[in-house]
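Data file: start_4.cif. Format and content: mmCIF, C-alpha atoms.
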```cif
data_upload
#
loop_
_atom_site.label_atom_id
_atom_site.label_comp_id
_atom_site.auth_asym_id
_atom_site.auth_seq_id
_atom_site.Cartn_x
_atom_site.Cartn_y
_atom_site.Cartn_z
CA MET A 1 28.35 -25.61 -2.17
CA PRO A 2 28.79 -26.79 -5.77
CA SER A 3 26.35 -24.29 -7.21
CA ASP A 4 26.55 -25.28 -10.87
CA THR A 5 25.36 -28.73 -9.84
CA LEU A 6 22.54 -27.11 -7.94
CA SER A 7 20.92 -25.51 -10.97
CA ASN A 8 21.56 -28.64 -13.07
CA THR A 9 19.78 -30.65 -10.43
CA PHE A 10 16.86 -28.26 -10.42
CA SER A 11 16.32 -28.47 -14.15
CA ALA A 12 16.78 -32.25 -14.23
CA LEU A 13 14.08 -32.58 -11.59
CA ALA A 14 11.67 -30.30 -13.40
CA ASP A 15 10.27 -33.14 -15.50
CA PRO A 16 7.72 -35.58 -14.00
CA THR A 17 9.00 -38.57 -16.01
CA ARG A 18 12.51 -38.00 -14.75
CA ARG A 19 11.24 -37.78 -11.20
CA ALA A 20 9.35 -41.04 -11.70
CA ILE A 21 12.53 -42.66 -13.07
CA LEU A 22 14.45 -41.56 -9.98
CA ALA A 23 11.69 -42.77 -7.72
CA ARG A 24 11.82 -46.18 -9.44
CA LEU A 25 15.57 -46.32 -8.96
CA THR A 26 15.23 -45.87 -5.20
CA THR A 27 14.29 -49.56 -5.10
CA GLY A 28 17.70 -50.56 -6.51
CA GLU A 29 19.68 -50.66 -9.74
CA MET A 30 17.92 -51.64 -12.92
CA ASN A 31 18.65 -51.96 -16.62
CA VAL A 32 16.97 -49.62 -19.05
CA SER A 33 14.29 -51.98 -20.35
CA ASP A 34 13.15 -52.91 -16.82
CA LEU A 35 13.23 -49.28 -15.89
CA ALA A 36 11.14 -48.30 -18.92
CA GLU A 37 8.46 -50.93 -18.28
CA PRO A 38 5.82 -48.87 -16.44
CA PHE A 39 6.18 -45.87 -18.74
CA GLU A 40 4.12 -45.50 -21.88
CA MET A 41 7.07 -44.20 -23.75
CA SER A 42 9.52 -45.40 -26.40
CA MET A 43 12.94 -46.66 -25.37
CA PRO A 44 14.70 -43.75 -27.12
CA ALA A 45 12.50 -41.32 -25.17
CA ILE A 46 13.43 -42.99 -21.89
CA SER A 47 17.10 -43.00 -22.87
CA LYS A 48 16.90 -39.29 -23.52
CA HIS A 49 15.58 -38.67 -20.02
CA LEU A 50 18.28 -40.91 -18.59
CA LYS A 51 20.96 -38.88 -20.36
CA VAL A 52 19.67 -35.69 -18.71
CA LEU A 53 19.70 -37.41 -15.32
CA GLU A 54 23.20 -38.76 -15.95
CA LYS A 55 24.45 -35.32 -16.93
CA ALA A 56 23.03 -33.86 -13.72
CA GLY A 57 24.85 -36.59 -11.80
CA LEU A 58 21.61 -38.06 -10.46
CA VAL A 59 21.98 -41.38 -12.24
CA GLU A 60 25.07 -43.48 -12.81
CA ARG A 61 25.34 -46.22 -15.42
CA SER A 62 27.73 -49.07 -15.09
CA LYS A 63 30.29 -49.09 -17.92
CA GLN A 64 31.23 -52.76 -17.78
CA ALA A 65 28.08 -54.86 -17.54
CA GLN A 66 26.33 -55.82 -20.77
CA PHE A 67 23.02 -54.15 -19.92
CA ARG A 68 24.62 -51.14 -18.27
CA PRO A 69 22.29 -51.01 -15.26
CA CYS A 70 21.27 -47.60 -13.91
CA ARG A 71 21.80 -46.57 -10.33
CA LEU A 72 20.52 -43.60 -8.31
CA GLN A 73 23.21 -41.14 -7.23
CA PRO A 74 21.70 -39.10 -4.40
CA ASP A 75 24.53 -36.59 -3.78
CA PRO A 76 23.05 -33.75 -5.88
CA LEU A 77 19.80 -34.05 -3.95
CA LYS A 78 21.70 -33.71 -0.74
CA ASP A 79 23.24 -30.50 -2.07
CA ILE A 80 19.77 -29.04 -2.48
CA ASP A 81 18.85 -30.17 0.98
CA GLU A 82 22.01 -28.56 2.34
CA TRP A 83 21.31 -25.33 0.51
CA MET A 84 17.81 -25.15 2.02
CA GLU A 85 19.23 -25.92 5.42
CA GLN A 86 21.77 -23.11 5.10
CA TYR A 87 19.00 -20.75 4.04
CA ARG A 88 16.93 -21.66 7.08
CA ARG A 89 19.90 -21.35 9.43
CA PHE A 90 20.80 -17.98 8.02
CA PHE A 91 17.42 -16.56 8.94
CA GLU A 92 17.14 -18.37 12.23
CA GLY A 93 20.45 -16.83 13.30
CA SER A 94 19.56 -13.40 11.96
CA PHE A 95 16.16 -13.33 13.59
CA ASN A 96 17.51 -14.27 17.00
CA ARG A 97 19.86 -11.32 16.72
CA LEU A 98 16.99 -9.13 15.58
CA ASP A 99 15.02 -10.00 18.74
CA ASN A 100 17.84 -8.63 20.87
CA TYR A 101 18.33 -5.62 18.67
CA LEU A 102 14.63 -4.72 18.80
CA GLN A 103 14.75 -4.93 22.58
CA GLN A 104 17.67 -2.52 22.65
CA LEU A 105 15.92 -0.09 20.34
CA GLN A 106 12.72 -0.18 22.35
CA ALA A 107 14.55 0.25 25.66
CA LYS A 108 16.32 3.26 24.24
CA GLU A 109 13.04 4.70 23.00
CA ASN A 110 11.48 4.31 26.47
CA ASN A 111 14.46 6.00 28.10
CA ASP A 112 14.25 8.87 25.67
CA GLU A 113 10.58 9.33 26.57
CA ILE A 114 11.35 9.39 30.30
CA GLU A 115 14.07 12.00 29.91
CA MET B 1 0.29 -14.56 20.36
CA LYS B 2 2.16 -16.60 17.81
CA SER B 3 5.42 -18.10 18.96
CA ASN B 4 8.65 -16.50 17.88
CA LYS B 5 9.80 -19.69 16.20
CA LEU B 6 10.76 -19.63 12.57
CA GLU B 7 8.18 -21.54 10.56
CA VAL B 8 9.08 -22.80 7.13
CA LYS B 9 6.50 -24.03 4.65
CA ILE B 10 6.54 -25.01 1.03
CA ASP B 11 3.47 -24.52 -1.08
CA ASP B 12 3.77 -25.19 -4.78
CA ASN B 13 6.75 -23.12 -5.94
CA VAL B 14 6.80 -20.78 -2.96
CA LEU B 15 8.96 -21.17 0.12
CA THR B 16 7.44 -19.27 3.05
CA MET B 17 9.03 -18.33 6.33
CA THR B 18 7.12 -16.71 9.18
CA ARG B 19 8.48 -15.30 12.37
CA SER B 20 6.89 -13.07 15.02
CA PHE B 21 8.61 -10.17 16.73
CA LYS B 22 7.72 -7.95 19.66
CA ALA B 23 7.60 -4.78 17.62
CA SER B 24 5.29 -2.70 15.48
CA PRO B 25 5.17 -3.10 11.69
CA LYS B 26 6.64 0.40 11.49
CA LEU B 27 9.70 -0.54 13.53
CA LEU B 28 10.20 -3.83 11.69
CA PHE B 29 9.98 -2.04 8.36
CA GLU B 30 12.57 0.40 9.61
CA VAL B 31 15.10 -2.21 10.76
CA TRP B 32 14.70 -3.94 7.41
CA SER B 33 15.37 -0.89 5.30
CA SER B 34 18.65 0.74 6.31
CA CYS B 35 22.27 -0.37 6.68
CA GLU B 36 22.40 1.42 10.02
CA HIS B 37 19.93 -1.16 11.39
CA LEU B 38 20.73 -4.19 9.26
CA LYS B 39 24.37 -4.28 10.31
CA HIS B 40 23.15 -5.12 13.83
CA TRP B 41 21.28 -8.25 12.84
CA TRP B 42 21.49 -9.37 9.21
CA GLY B 43 23.38 -12.66 9.02
CA PRO B 44 24.16 -15.22 11.70
CA LYS B 45 26.30 -14.12 14.66
CA GLU B 46 29.39 -15.81 13.21
CA TRP B 47 28.87 -14.08 9.84
CA PRO B 48 28.41 -10.38 10.62
CA MET B 49 27.86 -7.81 7.93
CA ALA B 50 31.17 -6.23 7.02
CA GLU B 51 30.04 -3.96 4.23
CA CYS B 52 26.73 -2.42 3.32
CA GLU B 53 25.54 0.04 0.71
CA MET B 54 21.88 0.73 0.23
CA ASP B 55 19.75 2.83 -2.01
CA PHE B 56 16.33 2.12 -0.55
CA ARG B 57 13.84 2.96 -3.28
CA GLU B 58 12.02 1.03 -5.99
CA GLY B 59 14.67 0.03 -8.51
CA GLY B 60 17.42 0.79 -5.98
CA THR B 61 20.11 -1.66 -4.93
CA TRP B 62 21.38 -3.02 -1.65
CA ARG B 63 24.86 -4.54 -1.70
CA TYR B 64 26.40 -6.20 1.30
CA CYS B 65 29.17 -8.51 2.36
CA LEU B 66 29.09 -10.97 5.21
CA ARG B 67 32.38 -12.20 6.63
CA GLY B 68 32.83 -15.53 8.38
CA PRO B 69 35.32 -16.75 10.96
CA ASN B 70 38.09 -17.49 8.43
CA GLU B 71 39.76 -14.80 6.38
CA GLU B 72 38.57 -16.25 3.07
CA ASP B 73 34.96 -16.57 4.27
CA GLN B 74 32.99 -13.89 2.53
CA SER B 75 29.61 -13.83 0.92
CA TRP B 76 28.43 -11.00 -1.29
CA GLY B 77 24.78 -10.35 -1.84
CA LYS B 78 22.84 -7.98 -4.03
CA THR B 79 19.22 -7.06 -3.66
CA ILE B 80 17.22 -5.00 -6.12
CA TYR B 81 14.06 -3.47 -4.70
CA GLN B 82 11.05 -3.98 -6.93
CA LYS B 83 8.17 -2.57 -4.90
CA ILE B 84 8.11 -0.75 -1.59
CA ASP B 85 4.87 -0.31 0.34
CA LYS B 86 5.83 1.35 3.61
CA PRO B 87 5.36 -0.04 6.32
CA ASN B 88 3.63 -3.14 4.97
CA LYS B 89 5.66 -4.90 2.35
CA ILE B 90 8.94 -4.97 0.43
CA GLU B 91 9.32 -6.92 -2.80
CA TYR B 92 12.82 -7.59 -4.07
CA LYS B 93 15.08 -9.81 -6.12
CA ASP B 94 18.12 -11.42 -4.54
CA TYR B 95 21.35 -12.33 -6.26
CA PHE B 96 24.63 -13.83 -5.18
CA THR B 97 27.55 -11.83 -6.55
CA ASP B 98 31.34 -11.72 -6.59
CA PRO B 99 33.12 -8.85 -4.75
CA GLU B 100 32.83 -6.67 -7.86
CA GLY B 101 29.06 -7.04 -7.87
CA ASN B 102 28.84 -9.35 -10.86
CA VAL B 103 25.94 -11.76 -10.52
CA LEU B 104 26.99 -15.41 -10.20
CA SER B 105 25.01 -16.97 -13.01
CA ASN B 106 25.16 -20.48 -11.63
CA MET B 107 23.30 -19.54 -8.47
CA PRO B 108 19.53 -19.30 -8.35
CA GLU B 109 18.02 -15.84 -8.74
CA LEU B 110 15.42 -15.46 -6.04
CA ASP B 111 12.16 -13.56 -6.17
CA ASN B 112 11.43 -12.47 -2.64
CA SER B 113 9.10 -10.45 -0.51
CA VAL B 114 8.74 -9.60 3.12
CA GLU B 115 5.45 -8.50 4.63
CA PHE B 116 4.85 -7.10 8.11
CA ILE B 117 1.51 -8.18 9.53
CA PRO B 118 0.34 -6.69 12.84
CA GLN B 119 -0.92 -9.19 15.45
CA ASP B 120 -2.59 -8.81 18.83
CA GLY B 121 -0.45 -7.90 21.82
CA GLY B 122 1.95 -5.56 20.10
CA THR B 123 3.62 -8.21 17.99
CA THR B 124 4.16 -8.30 14.26
CA THR B 125 4.63 -11.27 12.01
CA ALA B 126 7.23 -11.04 9.29
CA LEU B 127 6.14 -13.17 6.37
CA MET B 128 8.93 -13.86 3.90
CA THR B 129 8.36 -15.59 0.62
CA THR B 130 10.79 -16.91 -1.96
CA THR B 131 9.32 -17.84 -5.30
CA PHE B 132 11.28 -20.31 -7.40
CA GLU B 133 11.19 -19.68 -11.14
CA ASN B 134 10.33 -23.22 -11.87
CA ASN B 135 7.14 -24.60 -10.48
CA ASP B 136 8.69 -28.03 -10.10
CA GLN B 137 12.01 -27.21 -8.51
CA LEU B 138 10.75 -27.48 -4.97
CA THR B 139 7.77 -29.78 -5.22
CA SER B 140 9.80 -32.37 -7.08
CA ILE B 141 12.13 -32.72 -4.14
CA LEU B 142 9.22 -33.14 -1.78
CA GLU B 143 7.29 -35.59 -3.92
CA MET B 144 10.25 -37.85 -4.29
CA GLY B 145 10.86 -38.01 -0.61
CA MET B 146 7.28 -38.41 0.47
CA GLU B 147 5.86 -40.77 -2.12
CA GLU B 148 8.68 -43.22 -2.42
CA GLY B 149 10.54 -43.15 0.84
CA LEU B 150 14.13 -42.93 -0.22
CA ASN B 151 16.85 -45.28 0.83
CA SER B 152 19.21 -44.84 3.73
CA SER B 153 21.58 -42.45 1.98
CA MET B 154 18.66 -40.04 1.82
CA ASP B 155 17.91 -40.08 5.52
CA ARG B 156 18.74 -36.45 6.06
CA LEU B 157 16.46 -35.35 3.27
CA ASP B 158 13.68 -37.50 4.68
CA GLU B 159 14.05 -36.00 8.11
CA TYR B 160 13.98 -32.58 6.62
CA LEU B 161 10.90 -33.33 4.56
CA ALA B 162 9.11 -34.68 7.59
CA GLU B 163 9.64 -31.36 9.35
CA ILE B 164 8.32 -29.14 6.61
CA PRO B 165 4.56 -29.06 7.18
CA THR B 166 4.98 -28.16 10.84
CA SER B 167 7.16 -25.61 12.54
CA VAL B 168 10.89 -26.06 12.15
#
```
Now that the file is in, can you turn its structure into structure tokens?
Amino acid sequence: MPSDTLSNTFSALADPTRRAILARLTTGEMNVSDLAEPFEMSMPAISKHLKVLEKAGLVERSKQAQFRPCRLQPDPLKDIDEWMEQYRRFFEGSFNRLDNYLQQLQAKENNDEIE
Amino acid sequence: MKSNKLEVKIDDNVLTMTRSFKASPKLLFEVWSSCEHLKHWWGPKEWPMAECEMDFREGGTWRYCLRGPNEEDQSWGKTIYQKIDKPNKIEYKDYFTDPEGNVLSNMPELDNSVEFIPQDGGTTTALMTTTFENNDQLTSILEMGMEEGLNSSMDRLDEYLAEIPTSV
């Protein structure tokens, strides 16, 4: 798990404007002025948010095209998803083992009482 | 009686897992608080606990290593106990560390607790919570998936999000 990306992703997602930008990009790639349209925010402010998203690897900008359209890059989000999945699996596995272990302990306790 | 399925819920910045066991709170507390017990169950079957050192008291540390199927598979964890209320609740911080015990700074530090709640019929529910430092870390992920419906490359996340409010 690329863990440095994980915390970058977390902090990039912490801002509601950046989340709204990502949400807008789920509809397809877009240049900055189209992207900025629904936001009551200056272009430099939007660009600043985009830079944070780019740095976290959540947004890619084309280098060639004149308007450098922005595109959503979902891999870091999948890393978070994977991390949560691992966390869940860890405990699911552990708790199934704990069921068996508790049974053993209780059986032993009962035997001790009988003796 | 509640089922013994693991239930995962996210509420604001808190990830909650609940699971019921056929045992008393006292016994659950016990199996949660010594290496002797934990080595029998902590970690998935394929990743058993290879090393364990515990100083079970407020401010004390638990260090452990889980080893996986391949020789290089090892995962070191460190827990620092914050508050112990026997046999009801344990509050602790979790860290991922290297083999020397140094905290890996690029991994999230987790604020955790486990509570043992007695139920009818001799069962006890273990309620585990993980609080994320940042209020938005978790909810942001959910909002994005639920409000906008992400494209096909996000299918797995969508499926996962759909599962969250109910039992997993």
Using the chain letters and numbers from the file, which residues does the PyMOL selection byres ((chain B and resi 66) around 8) grab, as a ChimeraX atom specification? /B:43,47-51,64-65,67-68,74-76
Could you write out the selected residues, including C-alpha atoms, as a PDB file, keeping the file's coordinate frame?
```
ATOM      1  CA  GLY B  43      23.380 -12.660   9.020  1.00  0.00           C
ATOM      2  CA  TRP B  47      28.870 -14.080   9.840  1.00  0.00           C
ATOM      3  CA  PRO B  48      28.410 -10.380  10.620  1.00  0.00           C
ATOM      4  CA  MET B  49      27.860  -7.810   7.930  1.00  0.00           C
ATOM      5  CA  ALA B  50      31.170  -6.230   7.020  1.00  0.00           C
ATOM      6  CA  GLU B  51      30.040  -3.960   4.230  1.00  0.00           C
ATOM      7  CA  TYR B  64      26.400  -6.200   1.300  1.00  0.00           C
ATOM      8  CA  CYS B  65      29.170  -8.510   2.360  1.00  0.00           C
ATOM      9  CA  ARG B  67      32.380 -12.200   6.630  1.00  0.00           C
ATOM     10  CA  GLY B  68      32.830 -15.530   8.380  1.00  0.00           C
ATOM     11  CA  GLN B  74      32.990 -13.890   2.530  1.00  0.00           C
ATOM     12  CA  SER B  75      29.610 -13.830   0.920  1.00  0.00           C
ATOM     13  CA  TRP B  76      28.430 -11.000  -1.290  1.00  0.00           C
TER      14      TRP B  76
END
```
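Pairwise distance (atom CA of Tyr95 of chain B, atom CA of Asp73 of chain B) equals 17.7 Å.
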Could you list, as a PDB file with C-alpha atoms, keeping the file's coordinate frame, every residue matched by the PyMOL selection byres ((chain A and resi 56) around 9) in this structure?
```pdb
ATOM      1  CA  THR A   5      25.360 -28.730  -9.840  1.00  0.00           C
ATOM      2  CA  LEU A   6      22.540 -27.110  -7.940  1.00  0.00           C
ATOM      3  CA  ASN A   8      21.560 -28.640 -13.070  1.00  0.00           C
ATOM      4  CA  THR A   9      19.780 -30.650 -10.430  1.00  0.00           C
ATOM      5  CA  PHE A  10      16.860 -28.260 -10.420  1.00  0.00           C
ATOM      6  CA  SER A  11      16.320 -28.470 -14.150  1.00  0.00           C
ATOM      7  CA  ALA A  12      16.780 -32.250 -14.230  1.00  0.00           C
ATOM      8  CA  LYS A  51      20.960 -38.880 -20.360  1.00  0.00           C
ATOM      9  CA  VAL A  52      19.670 -35.690 -18.710  1.00  0.00           C
ATOM     10  CA  LEU A  53      19.700 -37.410 -15.320  1.00  0.00           C
ATOM     11  CA  GLU A  54      23.200 -38.760 -15.950  1.00  0.00           C
ATOM     12  CA  LYS A  55      24.450 -35.320 -16.930  1.00  0.00           C
ATOM     13  CA  GLY A  57      24.850 -36.590 -11.800  1.00  0.00           C
ATOM     14  CA  LEU A  58      21.610 -38.060 -10.460  1.00  0.00           C
ATOM     15  CA  VAL A  59      21.980 -41.380 -12.240  1.00  0.00           C
ATOM     16  CA  PRO A  76      23.050 -33.750  -5.880  1.00  0.00           C
TER      17      PRO A  76
END
```
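Distance check against chain A using only C-alpha atoms: of B:Thr130, B:Ser20, B:Gln119, B:Trp41, the minimum falls on B:Trp41.
You can rank A:Tyr87, A:Gln106, A:Pro69, A:Val32 by their closest distance to Leu110 of chain B using only C-alpha atoms, and at the top of that list sits A:Tyr87.
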Quick one: everything within 8 Å of Arg57 of chain B, counting all atoms listed in the file, minus sequence neighbours fewer than 3 positions away in the same chain. Send it as an MDAnalysis selection string. chainID B and resid 60:61 81 84
